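This is target.txt (compact mmCIF, N, CA and C atoms).
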# COMPACT_ATOMS: atom_id res chain seq x y z
N LYS A 1 -1.62 -9.19 -1.51
CA LYS A 1 -2.98 -8.76 -1.78
C LYS A 1 -3.02 -7.83 -2.99
N SER A 2 -2.00 -7.02 -3.15
CA SER A 2 -1.97 -6.08 -4.25
C SER A 2 -1.91 -6.80 -5.60
N VAL A 3 -1.11 -7.85 -5.67
CA VAL A 3 -1.00 -8.61 -6.92
C VAL A 3 -2.34 -9.26 -7.25
N LYS A 4 -2.98 -9.82 -6.22
CA LYS A 4 -4.30 -10.42 -6.42
C LYS A 4 -5.28 -9.40 -6.97
N GLY A 5 -5.27 -8.23 -6.36
CA GLY A 5 -6.17 -7.15 -6.80
C GLY A 5 -5.91 -6.76 -8.24
N GLN A 6 -4.64 -6.66 -8.61
CA GLN A 6 -4.30 -6.30 -9.99
C GLN A 6 -4.75 -7.37 -10.97
N LEU A 7 -4.61 -8.62 -10.57
CA LEU A 7 -5.05 -9.71 -11.44
C LEU A 7 -6.56 -9.69 -11.61
N ILE A 8 -7.27 -9.43 -10.53
CA ILE A 8 -8.74 -9.37 -10.60
C ILE A 8 -9.18 -8.21 -11.49
N ILE A 9 -8.59 -7.04 -11.29
CA ILE A 9 -8.93 -5.87 -12.10
C ILE A 9 -8.60 -6.16 -13.57
N GLY A 10 -7.46 -6.78 -13.82
CA GLY A 10 -7.08 -7.13 -15.20
C GLY A 10 -8.11 -8.04 -15.85
N LYS A 11 -8.60 -9.01 -15.10
CA LYS A 11 -9.59 -9.94 -15.63
C LYS A 11 -10.92 -9.22 -15.89
N ILE A 12 -11.31 -8.33 -15.00
CA ILE A 12 -12.54 -7.56 -15.20
C ILE A 12 -12.40 -6.67 -16.43
N LEU A 13 -11.23 -6.03 -16.59
CA LEU A 13 -10.99 -5.20 -17.77
C LEU A 13 -11.16 -6.01 -19.05
N GLU A 14 -10.62 -7.22 -19.02
CA GLU A 14 -10.69 -8.11 -20.18
C GLU A 14 -12.14 -8.53 -20.45
N THR A 15 -12.84 -8.91 -19.40
CA THR A 15 -14.22 -9.39 -19.53
C THR A 15 -15.17 -8.27 -19.96
N GLU A 16 -15.03 -7.11 -19.34
CA GLU A 16 -15.93 -5.99 -19.63
C GLU A 16 -15.55 -5.23 -20.90
N LYS A 17 -14.39 -5.54 -21.46
CA LYS A 17 -13.91 -4.88 -22.68
C LYS A 17 -13.94 -3.34 -22.55
N VAL A 18 -13.36 -2.86 -21.46
CA VAL A 18 -13.31 -1.43 -21.20
C VAL A 18 -12.33 -0.78 -22.17
N GLU A 19 -12.75 0.29 -22.79
CA GLU A 19 -11.90 1.01 -23.74
C GLU A 19 -11.92 2.51 -23.41
N ILE A 20 -10.91 3.19 -23.86
CA ILE A 20 -10.82 4.65 -23.74
C ILE A 20 -10.82 5.20 -25.16
N ASP A 21 -11.82 6.02 -25.48
CA ASP A 21 -11.86 6.59 -26.83
C ASP A 21 -11.00 7.85 -26.90
N ASP A 22 -10.78 8.31 -28.10
CA ASP A 22 -9.89 9.47 -28.31
C ASP A 22 -10.38 10.71 -27.57
N LYS A 23 -11.71 10.90 -27.53
CA LYS A 23 -12.28 12.08 -26.88
C LYS A 23 -11.98 12.04 -25.37
N GLU A 24 -12.15 10.89 -24.75
CA GLU A 24 -11.85 10.74 -23.32
C GLU A 24 -10.36 10.97 -23.05
N PHE A 25 -9.52 10.41 -23.93
CA PHE A 25 -8.08 10.55 -23.76
C PHE A 25 -7.66 12.01 -23.87
N GLU A 26 -8.20 12.71 -24.86
CA GLU A 26 -7.89 14.14 -25.04
C GLU A 26 -8.33 14.94 -23.81
N ALA A 27 -9.51 14.61 -23.29
CA ALA A 27 -10.02 15.32 -22.11
C ALA A 27 -9.10 15.11 -20.91
N GLU A 28 -8.62 13.89 -20.74
CA GLU A 28 -7.71 13.60 -19.62
C GLU A 28 -6.37 14.32 -19.82
N LEU A 29 -5.88 14.33 -21.05
CA LEU A 29 -4.64 15.06 -21.32
C LEU A 29 -4.82 16.55 -21.00
N GLN A 30 -5.96 17.11 -21.39
CA GLN A 30 -6.22 18.53 -21.12
C GLN A 30 -6.29 18.78 -19.61
N LYS A 31 -6.94 17.87 -18.90
CA LYS A 31 -7.05 17.98 -17.44
C LYS A 31 -5.66 17.99 -16.80
N GLN A 32 -4.79 17.09 -17.27
CA GLN A 32 -3.44 17.03 -16.70
C GLN A 32 -2.62 18.25 -17.10
N ALA A 33 -2.79 18.71 -18.34
CA ALA A 33 -2.07 19.91 -18.79
C ALA A 33 -2.47 21.10 -17.92
N ASP A 34 -3.77 21.21 -17.64
CA ASP A 34 -4.25 22.30 -16.78
C ASP A 34 -3.68 22.16 -15.37
N MET A 35 -3.66 20.92 -14.87
CA MET A 35 -3.17 20.67 -13.52
C MET A 35 -1.69 21.07 -13.39
N TYR A 36 -0.91 20.78 -14.43
CA TYR A 36 0.52 21.10 -14.40
C TYR A 36 0.82 22.47 -14.99
N ASN A 37 -0.25 23.18 -15.38
CA ASN A 37 -0.12 24.53 -15.93
C ASN A 37 0.85 24.57 -17.11
N MET A 38 0.62 23.66 -18.06
CA MET A 38 1.48 23.63 -19.24
C MET A 38 0.61 23.45 -20.49
N PRO A 39 1.11 23.90 -21.63
CA PRO A 39 0.34 23.73 -22.88
C PRO A 39 0.14 22.24 -23.19
N ILE A 40 -1.04 21.90 -23.70
CA ILE A 40 -1.35 20.50 -23.98
C ILE A 40 -0.39 19.89 -24.99
N ASP A 41 0.06 20.69 -25.94
CA ASP A 41 1.01 20.16 -26.94
C ASP A 41 2.32 19.73 -26.29
N ASP A 42 2.78 20.49 -25.29
CA ASP A 42 4.00 20.11 -24.57
C ASP A 42 3.78 18.81 -23.79
N LEU A 43 2.60 18.69 -23.17
CA LEU A 43 2.30 17.48 -22.42
C LEU A 43 2.24 16.27 -23.36
N LYS A 44 1.58 16.44 -24.51
CA LYS A 44 1.49 15.35 -25.49
C LYS A 44 2.89 14.93 -25.94
N LYS A 45 3.73 15.91 -26.20
CA LYS A 45 5.10 15.61 -26.63
C LYS A 45 5.84 14.82 -25.55
N SER A 46 5.72 15.29 -24.32
CA SER A 46 6.38 14.63 -23.20
C SER A 46 5.87 13.19 -23.02
N PHE A 47 4.57 13.01 -23.08
CA PHE A 47 3.99 11.68 -22.94
C PHE A 47 4.45 10.77 -24.08
N GLY A 48 4.49 11.30 -25.29
CA GLY A 48 4.93 10.52 -26.44
C GLY A 48 6.39 10.11 -26.35
N GLU A 49 7.24 11.04 -25.93
CA GLU A 49 8.67 10.76 -25.81
C GLU A 49 8.97 9.73 -24.72
N ASN A 50 8.12 9.70 -23.70
CA ASN A 50 8.35 8.81 -22.56
C ASN A 50 7.43 7.58 -22.56
N ASN A 51 6.77 7.36 -23.69
CA ASN A 51 5.87 6.20 -23.85
C ASN A 51 4.84 6.11 -22.72
N LEU A 52 4.25 7.23 -22.36
CA LEU A 52 3.29 7.26 -21.27
C LEU A 52 1.83 7.21 -21.72
N ASN A 53 1.59 7.27 -23.02
CA ASN A 53 0.20 7.25 -23.50
C ASN A 53 -0.53 5.99 -23.08
N GLU A 54 0.08 4.84 -23.27
CA GLU A 54 -0.57 3.57 -22.90
C GLU A 54 -0.71 3.46 -21.39
N TYR A 55 0.27 3.95 -20.67
CA TYR A 55 0.19 3.93 -19.20
C TYR A 55 -1.03 4.73 -18.74
N LEU A 56 -1.21 5.93 -19.32
CA LEU A 56 -2.34 6.78 -18.96
C LEU A 56 -3.66 6.11 -19.35
N LYS A 57 -3.72 5.52 -20.53
CA LYS A 57 -4.95 4.84 -20.96
C LYS A 57 -5.28 3.68 -20.03
N ASN A 58 -4.28 2.91 -19.63
CA ASN A 58 -4.52 1.80 -18.70
C ASN A 58 -5.00 2.31 -17.34
N ASP A 59 -4.43 3.41 -16.89
CA ASP A 59 -4.87 4.01 -15.63
C ASP A 59 -6.32 4.47 -15.74
N MET A 60 -6.68 5.06 -16.86
CA MET A 60 -8.06 5.51 -17.08
C MET A 60 -9.02 4.32 -17.10
N LYS A 61 -8.60 3.22 -17.73
CA LYS A 61 -9.44 2.02 -17.77
C LYS A 61 -9.66 1.47 -16.36
N THR A 62 -8.59 1.46 -15.57
CA THR A 62 -8.69 0.97 -14.19
C THR A 62 -9.66 1.83 -13.38
N LYS A 63 -9.59 3.14 -13.56
CA LYS A 63 -10.51 4.03 -12.86
C LYS A 63 -11.95 3.74 -13.27
N LYS A 64 -12.17 3.46 -14.55
CA LYS A 64 -13.52 3.11 -15.01
C LYS A 64 -14.03 1.85 -14.32
N ILE A 65 -13.16 0.87 -14.16
CA ILE A 65 -13.54 -0.38 -13.50
C ILE A 65 -13.89 -0.12 -12.04
N TYR A 66 -13.07 0.67 -11.35
CA TYR A 66 -13.37 0.98 -9.95
C TYR A 66 -14.71 1.71 -9.84
N ASP A 67 -14.97 2.64 -10.76
CA ASP A 67 -16.25 3.34 -10.75
C ASP A 67 -17.41 2.36 -10.96
N LEU A 68 -17.22 1.42 -11.88
CA LEU A 68 -18.24 0.40 -12.13
C LEU A 68 -18.46 -0.47 -10.90
N LEU A 69 -17.39 -0.90 -10.27
CA LEU A 69 -17.49 -1.73 -9.07
C LEU A 69 -18.22 -1.00 -7.94
N ILE A 70 -17.89 0.25 -7.76
CA ILE A 70 -18.54 1.04 -6.70
C ILE A 70 -20.02 1.21 -7.02
N LYS A 71 -20.33 1.47 -8.27
CA LYS A 71 -21.72 1.66 -8.69
C LYS A 71 -22.54 0.38 -8.49
N GLU A 72 -21.94 -0.76 -8.78
CA GLU A 72 -22.64 -2.03 -8.73
C GLU A 72 -22.57 -2.72 -7.36
N ALA A 73 -21.79 -2.17 -6.45
CA ALA A 73 -21.58 -2.82 -5.15
C ALA A 73 -22.85 -2.80 -4.30
N THR A 74 -23.02 -3.86 -3.57
CA THR A 74 -24.10 -3.93 -2.60
C THR A 74 -23.47 -3.93 -1.22
N VAL A 75 -23.87 -2.99 -0.42
CA VAL A 75 -23.31 -2.88 0.92
C VAL A 75 -24.27 -3.56 1.90
N ALA A 76 -23.73 -4.48 2.65
CA ALA A 76 -24.52 -5.19 3.65
C ALA A 76 -23.89 -4.96 5.02
N LYS A 77 -24.72 -4.70 5.99
CA LYS A 77 -24.20 -4.50 7.34
C LYS A 77 -23.91 -5.85 7.95
N GLY A 78 -22.81 -5.90 8.64
CA GLY A 78 -22.40 -7.13 9.32
C GLY A 78 -22.06 -6.84 10.76
N ASP A 79 -21.44 -7.78 11.37
CA ASP A 79 -21.02 -7.60 12.76
C ASP A 79 -19.89 -6.60 12.84
N LYS A 80 -19.87 -5.85 13.91
CA LYS A 80 -18.80 -4.88 14.14
C LYS A 80 -17.53 -5.65 14.47
N VAL A 81 -16.43 -5.28 13.80
CA VAL A 81 -15.15 -5.96 13.99
C VAL A 81 -14.09 -4.90 14.25
N LYS A 82 -13.20 -5.18 15.19
CA LYS A 82 -12.09 -4.27 15.45
C LYS A 82 -11.17 -4.26 14.24
N TYR A 83 -10.60 -3.11 13.97
CA TYR A 83 -9.72 -2.94 12.82
C TYR A 83 -8.57 -3.96 12.83
N ALA A 84 -7.93 -4.12 13.97
CA ALA A 84 -6.79 -5.05 14.07
C ALA A 84 -7.21 -6.48 13.73
N ASP A 85 -8.41 -6.86 14.18
CA ASP A 85 -8.91 -8.20 13.87
C ASP A 85 -9.22 -8.34 12.38
N PHE A 86 -9.75 -7.27 11.80
CA PHE A 86 -10.09 -7.27 10.37
C PHE A 86 -8.83 -7.44 9.53
N ILE A 87 -7.76 -6.75 9.88
CA ILE A 87 -6.51 -6.82 9.14
C ILE A 87 -5.90 -8.21 9.22
N LYS A 88 -6.00 -8.85 10.37
CA LYS A 88 -5.45 -10.18 10.53
C LYS A 88 -6.15 -11.19 9.64
N GLY A 89 -7.40 -10.89 9.30
CA GLY A 89 -8.15 -11.78 8.40
C GLY A 89 -8.90 -12.77 9.17
If you convert what's in this file into structure tokens, what do you get?
Amino acid sequence: KSVKGQLIIGKILETEKVEIDDKEFEAELQKQADMYNMPIDDLKKSFGENNLNEYLKNDMKTKKIYDLLIKEATVAKGDKVKYADFIKG
């Protein structure tokens, strides 16, 4: 199920042409630097040395897609189902 989900998210990313601009990326780097209590320049250096910039941008794009999906979702009430039955499919 996880692979299916990743493929679906990948296709939505492609279709919706989700991008992360420099301002958003800088804000996320600052947020992480604050979270780890380290200077942003040190975090940037670490991310650059470990090729994590693209990983972070892809993670940010995925979060944008989830936010979009949640915003656009329509919730419909259905029959009550036991959790175990739901998991079985």
Taking a cut-off of 12 Å and counting only C-alpha atoms, can you build a table that, for each residue of segment 29-55 of chain A near segment 9-23 of chain A, reports the nearest atom pair and how far apart they are in Å (one decimal), sorted by chain then residue number, as CSV?
residue,atom,partner,partner_atom,distance
A:Leu29,CA,A:Lys23,CA,9.9
A:Gln30,CA,A:Lys23,CA,10.6
A:Asn53,CA,A:Ile20,CA,11.3
A:Glu54,CA,A:Ile20,CA,10.3
A:Tyr55,CA,A:Ile20,CA,11.9
One decimal place gives the atom N of Glu24 of chain A-atom C of Lys44 of chain A separation as 15.6 Å
Around all the atoms of segment 52-57 of chain A listed in the file, with 6 Å of room on each side, what axis-aligned box do you get, giving centre and edge lengths in Å to one decimal, as AutoDock Vina command-line options?
--center_x -0.5 --center_y 5.4 --center_z -21.1 --size_x 21.5 --size_y 15.8 --size_z 16.8
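Distance check against Ala27 of chain A using only C-alpha atoms: of A:Gln6, A:Leu52, A:Lys57, A:Val81, the minimum falls on A:Lys57.
Put simply, atom N of Val75 of chain A is 20.7 Å away from atom C of Lys4 of chain A.
For the pair atom CA of Asp85 of chain A and atom CA of Thr62 of chain A, the interatomic distance is 29.5 Å.
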I'd like to know which residues of chain A are alpha helix (DSSP H) (by DSSP, run on the backbone); could you write them as a PyMOL selection string? chain A and resi 2-16+22-35+40-49+53-72+83-88
